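Enquirer: Next comes the structure file target30.cif, holding mmCIF, C-alpha atoms.
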data_model
#
loop_
_atom_site.group_PDB
_atom_site.id
_atom_site.type_symbol
_atom_site.label_atom_id
_atom_site.label_comp_id
_atom_site.auth_asym_id
_atom_site.auth_seq_id
_atom_site.Cartn_x
_atom_site.Cartn_y
_atom_site.Cartn_z
ATOM 1 C CA MET Y 12 13.203 -9.248 -2.696
ATOM 2 C CA GLN Y 13 11.876 -12.557 -1.377
ATOM 3 C CA GLU Y 14 13.205 -11.821 2.121
ATOM 4 C CA GLN Y 15 11.487 -8.420 2.187
ATOM 5 C CA TRP Y 16 8.292 -9.945 0.803
ATOM 6 C CA SER Y 17 8.279 -12.603 3.523
ATOM 7 C CA ARG Y 18 8.618 -9.898 6.200
ATOM 8 C CA LEU Y 19 5.145 -8.692 5.237
ATOM 9 C CA GLY Y 20 2.254 -10.182 7.115
ATOM 10 C CA ARG Y 21 0.292 -12.831 5.243
ATOM 11 C CA ASN Y 22 -2.671 -10.484 4.898
ATOM 12 C CA ASP Y 23 -0.537 -7.758 3.348
ATOM 13 C CA ARG Y 24 0.958 -10.254 0.889
ATOM 14 C CA GLU Y 25 -2.527 -11.505 -0.007
ATOM 15 C CA PHE Y 26 -3.737 -7.940 -0.507
ATOM 16 C CA LEU Y 27 -0.920 -7.188 -2.948
ATOM 17 C CA VAL Y 28 -1.232 -10.493 -4.795
ATOM 18 C CA ARG Y 29 -4.985 -10.024 -5.144
ATOM 19 C CA HIS Y 30 -4.479 -6.582 -6.689
ATOM 20 C CA PHE Y 31 -1.592 -7.688 -8.899
ATOM 21 C CA LEU Y 32 -3.675 -10.569 -10.285
ATOM 22 C CA ASP Y 33 -6.723 -8.440 -11.110
ATOM 23 C CA ASP Y 34 -6.795 -8.251 -14.892
ATOM 24 C CA GLY Y 35 -9.493 -5.702 -15.685
ATOM 25 C CA LEU Y 36 -11.651 -8.372 -17.337
ATOM 26 C CA ARG Y 37 -13.282 -10.205 -14.460
ATOM 27 C CA LYS Y 38 -12.526 -7.541 -11.862
ATOM 28 C CA PRO Y 39 -11.536 -3.896 -12.259
ATOM 29 C CA ALA Y 40 -7.796 -3.399 -11.944
ATOM 30 C CA PHE Y 41 -5.030 -0.879 -11.393
ATOM 31 C CA VAL Y 42 -2.014 -0.674 -13.644
ATOM 32 C CA LEU Y 43 0.750 0.866 -11.574
ATOM 33 C CA THR Y 44 2.971 2.781 -13.953
ATOM 34 C CA PHE Y 45 6.501 3.495 -12.689
ATOM 35 C CA LEU Y 46 6.171 0.569 -10.258
ATOM 36 C CA PRO Y 47 9.548 -0.875 -11.373
ATOM 37 C CA ALA Y 48 11.232 2.518 -10.791
ATOM 38 C CA PHE Y 49 9.550 2.820 -7.385
ATOM 39 C CA LEU Y 50 10.699 -0.648 -6.312
ATOM 40 C CA HIS Y 51 14.193 -0.137 -7.738
ATOM 41 C CA ASN Y 52 14.622 3.207 -5.949
ATOM 42 C CA SER Y 53 13.254 1.683 -2.752
ATOM 43 C CA SER Y 54 15.720 -1.184 -2.850
ATOM 44 C CA LYS Y 55 18.655 1.180 -3.436
ATOM 45 C CA ASN Y 56 17.695 3.679 -0.715
ATOM 46 C CA LEU Y 57 18.797 2.466 2.741
ATOM 47 C CA SER Y 58 16.220 4.752 4.383
ATOM 48 C CA VAL Y 59 13.399 3.033 2.510
ATOM 49 C CA GLY Y 60 13.958 -0.590 1.491
ATOM 50 C CA LEU Y 61 11.444 -2.890 -0.145
ATOM 51 C CA HIS Y 62 9.562 -3.755 3.035
ATOM 52 C CA ARG Y 63 8.607 -0.118 3.658
ATOM 53 C CA ALA Y 64 7.880 0.315 -0.049
ATOM 54 C CA PHE Y 65 5.378 -2.544 0.041
ATOM 55 C CA LEU Y 66 3.654 -1.054 3.109
ATOM 56 C CA VAL Y 67 3.368 2.380 1.478
ATOM 57 C CA LEU Y 68 2.099 0.796 -1.729
ATOM 58 C CA ILE Y 69 -0.638 -1.016 0.210
ATOM 59 C CA GLU Y 70 -1.761 2.208 1.860
ATOM 60 C CA LEU Y 71 -1.861 4.046 -1.451
ATOM 61 C CA MET Y 72 -3.815 1.259 -3.136
ATOM 62 C CA GLU Y 73 -6.285 1.239 -0.248
ATOM 63 C CA ALA Y 74 -6.698 5.007 -0.597
ATOM 64 C CA VAL Y 75 -7.360 4.731 -4.332
ATOM 65 C CA THR Y 76 -9.888 1.957 -3.686
ATOM 66 C CA SER Y 77 -11.682 3.617 -0.774
ATOM 67 C CA ASN Y 78 -11.963 6.932 -2.621
ATOM 68 C CA GLY Y 79 -13.712 5.201 -5.539
ATOM 69 C CA TYR Y 80 -11.357 6.435 -8.260
ATOM 70 C CA LEU Y 81 -11.643 3.217 -10.250
ATOM 71 C CA GLU Y 82 -15.437 3.302 -10.294
ATOM 72 C CA ARG Y 83 -15.557 7.009 -11.131
ATOM 73 C CA SER Y 84 -13.097 6.602 -13.994
ATOM 74 C CA GLY Y 85 -15.684 4.595 -15.936
ATOM 75 C CA HIS Y 86 -12.967 2.166 -17.061
ATOM 76 C CA HIS Y 87 -12.216 -1.411 -16.049
ATOM 77 C CA ILE Y 88 -8.545 -0.565 -15.837
ATOM 78 C CA LEU Y 89 -7.159 2.542 -14.174
ATOM 79 C CA GLN Y 90 -3.573 3.567 -14.695
ATOM 80 C CA VAL Y 91 -2.086 4.861 -11.456
ATOM 81 C CA SER Y 92 1.127 6.769 -12.045
ATOM 82 C CA LEU Y 93 3.735 6.365 -9.305
ATOM 83 C CA GLN Y 94 6.229 8.642 -11.075
ATOM 84 C CA GLU Y 95 6.388 11.325 -8.375
ATOM 85 C CA LEU Y 96 6.494 8.687 -5.655
ATOM 86 C CA ALA Y 97 9.360 6.908 -7.428
ATOM 87 C CA GLU Y 98 11.278 10.196 -7.680
ATOM 88 C CA PHE Y 99 10.611 11.015 -4.020
ATOM 89 C CA THR Y 100 11.731 7.518 -2.990
ATOM 90 C CA GLN Y 101 15.073 8.070 -4.654
ATOM 91 C CA VAL Y 102 15.933 11.141 -2.540
ATOM 92 C CA VAL Y 103 14.174 10.708 0.830
ATOM 93 C CA GLU Y 104 16.628 10.310 3.717
ATOM 94 C CA ASN Y 105 14.342 9.697 6.687
ATOM 95 C CA PRO Y 106 12.312 6.474 7.018
ATOM 96 C CA ARG Y 107 9.593 8.329 8.963
ATOM 97 C CA VAL Y 108 9.215 10.838 6.131
ATOM 98 C CA PHE Y 109 8.883 7.999 3.657
ATOM 99 C CA MET Y 110 6.356 6.045 5.743
ATOM 100 C CA ALA Y 111 4.224 9.185 6.138
ATOM 101 C CA VAL Y 112 4.038 9.816 2.392
ATOM 102 C CA PRO Y 113 0.579 8.234 1.849
ATOM 103 C CA GLY Y 114 -0.923 10.861 4.143
ATOM 104 C CA HIS Y 115 0.837 13.626 2.263
ATOM 105 C CA CYS Y 116 -0.210 12.617 -1.233
ATOM 106 C CA SER Y 117 -3.088 13.692 -3.365
ATOM 107 C CA PHE Y 118 -4.557 12.072 -6.440
ATOM 108 C CA ALA Y 119 -4.999 13.891 -9.736
ATOM 109 C CA PRO Y 120 -7.502 12.137 -12.034
ATOM 110 C CA LYS Y 121 -6.836 12.546 -15.740
ATOM 111 C CA SER Y 122 -8.695 10.707 -18.521
ATOM 112 C CA GLY Y 123 -8.319 7.060 -17.494
ATOM 113 C CA ARG Y 124 -5.271 7.792 -15.375
ATOM 114 C CA LEU Y 125 -4.640 8.801 -11.786
ATOM 115 C CA ASP Y 126 -1.428 10.564 -10.817
ATOM 116 C CA VAL Y 127 -0.116 10.175 -7.274
ATOM 117 C CA ILE Y 128 1.161 13.617 -6.262
ATOM 118 C CA VAL Y 129 3.500 14.045 -3.288
ATOM 119 C CA SER Y 130 2.825 17.409 -1.633
ATOM 120 C CA ALA Y 131 5.482 20.086 -2.109
ATOM 121 C CA LYS Y 132 5.749 20.507 1.658
ATOM 122 C CA HIS Y 133 6.434 16.788 2.114
ATOM 123 C CA LYS Y 134 9.017 16.821 -0.679
ATOM 124 C CA GLU Y 135 10.855 19.540 1.260
ATOM 125 C CA ARG Y 136 11.066 17.168 4.240
ATOM 126 C CA SER Y 137 12.886 14.496 2.226
ATOM 127 C CA GLY Y 138 16.267 15.502 3.675
ATOM 128 C CA ASP Y 139 15.092 16.336 7.196
ATOM 129 C CA LEU Y 140 16.562 13.629 9.431
ATOM 130 C CA ASN Y 141 14.785 14.934 12.549
ATOM 131 C CA TRP Y 142 11.250 15.185 11.168
ATOM 132 C CA CYS Y 143 8.401 13.462 13.003
ATOM 133 C CA ASP Y 144 4.826 13.348 11.787
ATOM 134 C CA ASP Y 145 1.975 15.067 13.566
ATOM 135 C CA PRO Y 146 0.797 12.645 16.290
ATOM 136 C CA THR Y 147 -2.843 12.813 15.137
ATOM 137 C CA HIS Y 148 -1.813 11.899 11.596
ATOM 138 C CA GLU Y 149 0.381 9.073 12.884
ATOM 139 C CA MET Y 150 -2.557 7.778 14.924
ATOM 140 C CA ARG Y 151 -4.852 7.800 11.863
ATOM 141 C CA VAL Y 152 -2.268 5.804 9.874
ATOM 142 C CA PHE Y 153 -1.840 3.375 12.765
ATOM 143 C CA MET Y 154 -5.617 2.946 13.070
ATOM 144 C CA ARG Y 155 -5.960 2.218 9.320
ATOM 145 C CA ARG Y 156 -3.259 -0.439 9.582
ATOM 146 C CA MET Y 157 -4.964 -1.965 12.612
ATOM 147 C CA GLU Y 158 -8.351 -1.928 10.844
ATOM 148 C CA ARG Y 159 -6.813 -3.831 7.941
ATOM 149 C CA ARG Y 160 -5.306 -6.407 10.276
ATOM 150 C CA VAL Y 161 -8.506 -6.841 12.291
ATOM 151 C CA SER Y 162 -10.467 -7.237 9.069
ATOM 152 C CA MET Y 163 -8.109 -9.955 7.884
ATOM 153 C CA VAL Y 164 -8.271 -11.715 11.269
ATOM 154 C CA ASN Y 165 -12.072 -11.675 10.994
ATOM 155 C CA VAL Y 166 -11.855 -13.263 7.548
ATOM 156 C CA GLU Y 167 -9.579 -15.996 8.914
ATOM 157 C CA LEU Y 168 -11.919 -16.614 11.856
ATOM 158 C CA GLU Y 169 -14.885 -16.937 9.495
ATOM 159 C CA LYS Y 170 -12.935 -19.467 7.393
ATOM 160 C CA LEU Y 171 -12.037 -21.424 10.513
ATOM 161 C CA GLN Y 172 -15.611 -21.297 11.748
ATOM 162 C CA TYR Y 173 -16.857 -22.579 8.395
ATOM 163 C CA ARG Y 174 -14.333 -25.405 8.264
ATOM 164 C CA THR Y 175 -15.241 -26.399 11.817
ATOM 165 C CA SER Y 176 -18.973 -26.339 11.043
ATOM 166 C CA VAL Y 177 -18.613 -28.620 8.010
ATOM 167 C CA GLY Y 178 -16.466 -31.051 9.959
ATOM 168 C CA VAL Y 179 -13.128 -30.478 8.252
ATOM 169 C CA PHE Y 180 -11.408 -30.798 11.625
ATOM 170 C CA ALA Y 181 -13.608 -33.599 12.960
ATOM 171 C CA ARG Y 182 -11.406 -36.713 13.146
ATOM 172 C CA GLU Y 183 -13.337 -38.654 15.784
#
Let me see whether you can do it: turn the structure in this file into structure tokens.

Expert:
Amino acid sequence: MQEQWSRLGRNDREFLVRHFLDDGLRKPAFVLTFLPAFLHNSSKNLSVGLHRAFLVLIELMEAVTSNGYLERSGHHILQVSLQELAEFTQVVENPRVFMAVPGHCSFAPKSGRLDVIVSAKHKERSGDLNWCDDPTHEMRVFMRRMERRVSMVNVELEKLQYRTSVGVFARE
């Protein structure tokens, strides 16, 4: 697991750590139910692996955040059920189908809980070894990933700018 974790970019690791450390007391938090099953199935499926699982998890968490589900739930902690995703991860045979899953999911809010639902059409693709995503959808996913990276680069530049302005690097 450590090797797959280290393959993630620093910003992706920080994103996950930040969300995993949120406790629902100081900051609202997600509790990802079926996360162990999702990670276990990912590690056992050669078409998925933990690295891809982490990337998909980041995209899903960003979608939950950007759609305001936590705020609308009225709770400080929102359970997000990954049950269907864990089941899908066990049977998918094409890495492209797996990586496209965030764009083919919907969210079903239920009293303090949010279920991640993989579309029936996407489930049917789980065994299709020749499937490729719609280019416009692929471009949207790529753009979201790039936005996240650019945002993190901006944060790092601001930190560097601050440290430079307060003389952290001045050794003269």

Enquirer: Pull the closest atom pair for each residue of stretch 27-99 of chain Y that gets at most 7 Å from stretch 103-107 of chain Y, along with the distance in Å to one decimal, counting all atoms listed in the file, ordering rows by chain and then ascending residue number, as JSON lines.

Expert:
{"residue": "Y:Ser58", "atom": "CA", "partner": "Y:Pro106", "partner_atom": "CA", "distance": 5.0}
{"residue": "Y:Val59", "atom": "CA", "partner": "Y:Pro106", "partner_atom": "CA", "distance": 5.8}
{"residue": "Y:Phe99", "atom": "CA", "partner": "Y:Val103", "partner_atom": "CA", "distance": 6.0}

Enquirer: Any idea what's packed within 12 Å of Y:Asn78, counting only C-alpha atoms, ignoring anything in its chain fewer than 6 positions away? Could you give it as a ChimeraX atom specification?

Expert: /Y:71-72,84,117-118,120,125

Enquirer: Would you compute an axis-aligned box for stretch 86-89 of chain Y, covering every atom listed for it in the file with 3 Å of margin on each side, and report centre and edge lengths in Å to one decimal as JSON?

Expert:
{"center_x": -10.1, "center_y": 0.6, "center_z": -15.6, "size_x": 11.8, "size_y": 10.0, "size_z": 8.9}

Enquirer: I need the output of the PyMOL selection byres ((chain Y and resi 98) around 12) for this file as a list in words; which residues are they?

Expert: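 On the file shown, the PyMOL selection byres ((chain Y and resi 98) around 12) covers Phe45, Leu46, Pro47, Ala48, Phe49, Leu50, His51, Asn52, Ser53, Asn56, Ser92, Leu93, Gln94, Glu95, Leu96, Ala97, Phe99, Thr100, Gln101, Val102, Val103, Phe109, Val127, Ile128, Val129, Lys134 and Ser137 of chain Y.
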
Enquirer: With distances taken over all atoms listed in the file, which of Y:Leu89, Y:Leu36, Y:Met163, Y:Met154 is nearest to Y:Asp126?

Expert: Y:Leu89

Enquirer: Atom CA of Y:Thr76 and atom CA of Y:Asn165, how far apart in Å?

Expert: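 One can read the atom CA of Y:Asn165 to atom CA of Y:Thr76 distance as 20.2 Å.
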
Enquirer: Evaluate the PyMOL selection byres ((chain Y and resi 155) around 12) on the structure here and hand back the selected residues as a compact mmCIF listing (two decimals) with C-alpha atoms, in the frame of the given file.

Expert:
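Okay, out_14.txt is ready:
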# COMPACT_ATOMS: atom_id res chain seq x y z
CA LEU Y 66 3.65 -1.05 3.11
CA ILE Y 69 -0.64 -1.02 0.21
CA GLU Y 70 -1.76 2.21 1.86
CA LEU Y 71 -1.86 4.05 -1.45
CA GLU Y 73 -6.28 1.24 -0.25
CA ALA Y 74 -6.70 5.01 -0.60
CA SER Y 77 -11.68 3.62 -0.77
CA PRO Y 113 0.58 8.23 1.85
CA GLY Y 114 -0.92 10.86 4.14
CA HIS Y 148 -1.81 11.90 11.60
CA GLU Y 149 0.38 9.07 12.88
CA MET Y 150 -2.56 7.78 14.92
CA ARG Y 151 -4.85 7.80 11.86
CA VAL Y 152 -2.27 5.80 9.87
CA PHE Y 153 -1.84 3.38 12.76
CA MET Y 154 -5.62 2.95 13.07
CA ARG Y 156 -3.26 -0.44 9.58
CA MET Y 157 -4.96 -1.96 12.61
CA GLU Y 158 -8.35 -1.93 10.84
CA ARG Y 159 -6.81 -3.83 7.94
CA ARG Y 160 -5.31 -6.41 10.28
CA VAL Y 161 -8.51 -6.84 12.29
CA SER Y 162 -10.47 -7.24 9.07

Enquirer: Please report the interatomic distance between atom CA of Y:Val166 and atom CA of Y:Arg18 in Å with one decimal.

Expert: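 These two atoms are separated by 20.8 Å.
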
Enquirer: Within 10 Å of (7.7, -2.3, 2.0) in the file's own coordinates, which protein, DNA or RNA residues have an atom, counting all atoms listed in the file? List them as a list in words.

Expert: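 Residues close enough to count: Gln15, Trp16, Arg18, Leu19, Asp23, Leu50, Ser53, Ser54, Val59, Gly60, Leu61, His62, Arg63, Ala64, Phe65, Leu66, Val67, Leu68, Ile69 and Met110 of chain Y.
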
Enquirer: Just how far from atom CA of Y:Gly79 is atom CA of Y:Leu27, in Å to one decimal?

Expert: 18.0 Å

Enquirer: Env of Y:Pro39: 6 Å cut, atoms = all atoms listed in the file, seq-sep filter 2 positions within chain, self excluded. Answer as a list of chain:residue names.

Expert: Y:Gly35, Y:His87, Y:Ile88

Enquirer: Where atoms are missing, can you supply N, CA and C atoms for stretch 73-93 of chain Y and output the lot as a CSV table (one decimal), in the frame of the given file?

Expert:
chain,number,residue,atom,x,y,z
Y,73,GLU,N,-5.1,1.2,-1.1
Y,73,GLU,CA,-6.3,1.2,-0.2
Y,73,GLU,C,-7.0,2.6,-0.4
Y,74,ALA,N,-6.1,3.7,-0.4
Y,74,ALA,CA,-6.7,5.0,-0.6
Y,74,ALA,C,-7.4,5.2,-2.0
Y,75,VAL,N,-6.8,4.7,-3.0
Y,75,VAL,CA,-7.4,4.7,-4.3
Y,75,VAL,C,-8.7,4.0,-4.3
Y,76,THR,N,-8.7,2.8,-3.7
Y,76,THR,CA,-9.9,2.0,-3.7
Y,76,THR,C,-11.0,2.6,-2.9
Y,77,SER,N,-10.6,3.1,-1.7
Y,77,SER,CA,-11.7,3.6,-0.8
Y,77,SER,C,-12.2,4.9,-1.3
Y,78,ASN,N,-11.5,5.7,-2.1
Y,78,ASN,CA,-12.0,6.9,-2.6
Y,78,ASN,C,-12.7,6.7,-3.9
Y,79,GLY,N,-12.9,5.5,-4.4
Y,79,GLY,CA,-13.7,5.2,-5.5
Y,79,GLY,C,-13.2,5.7,-6.9
Y,80,TYR,N,-11.9,5.9,-7.0
Y,80,TYR,CA,-11.4,6.4,-8.3
Y,80,TYR,C,-11.6,5.5,-9.4
Y,81,LEU,N,-11.5,4.2,-9.2
Y,81,LEU,CA,-11.6,3.2,-10.2
Y,81,LEU,C,-13.1,3.3,-10.8
Y,82,GLU,N,-14.0,3.3,-9.9
Y,82,GLU,CA,-15.4,3.3,-10.3
Y,82,GLU,C,-15.8,4.6,-11.0
Y,83,ARG,N,-15.3,5.7,-10.5
Y,83,ARG,CA,-15.6,7.0,-11.1
Y,83,ARG,C,-14.9,7.2,-12.5
Y,84,SER,N,-13.8,6.4,-12.7
Y,84,SER,CA,-13.1,6.6,-14.0
Y,84,SER,C,-13.9,6.1,-15.2
Y,85,GLY,N,-14.9,5.2,-14.9
Y,85,GLY,CA,-15.7,4.6,-15.9
Y,85,GLY,C,-14.9,3.6,-16.8
Y,86,HIS,N,-13.8,3.2,-16.3
Y,86,HIS,CA,-13.0,2.2,-17.1
Y,86,HIS,C,-12.8,0.9,-16.2
Y,87,HIS,N,-12.5,-0.2,-16.8
Y,87,HIS,CA,-12.2,-1.4,-16.0
Y,87,HIS,C,-10.8,-1.5,-15.6
Y,88,ILE,N,-10.0,-0.6,-16.2
Y,88,ILE,CA,-8.5,-0.6,-15.8
Y,88,ILE,C,-8.2,0.9,-15.6
Y,89,LEU,N,-7.6,1.2,-14.5
Y,89,LEU,CA,-7.2,2.5,-14.2
Y,89,LEU,C,-5.6,2.6,-14.0
Y,90,GLN,N,-5.0,3.4,-14.8
Y,90,GLN,CA,-3.6,3.6,-14.7
Y,90,GLN,C,-3.3,4.5,-13.5
Y,91,VAL,N,-2.5,4.0,-12.6
Y,91,VAL,CA,-2.1,4.9,-11.5
Y,91,VAL,C,-0.6,5.1,-11.6
Y,92,SER,N,-0.3,6.4,-11.8
Y,92,SER,CA,1.1,6.8,-12.0
Y,92,SER,C,1.8,7.0,-10.7
Y,93,LEU,N,2.9,6.2,-10.5
Y,93,LEU,CA,3.7,6.4,-9.3
Y,93,LEU,C,5.0,7.2,-9.6
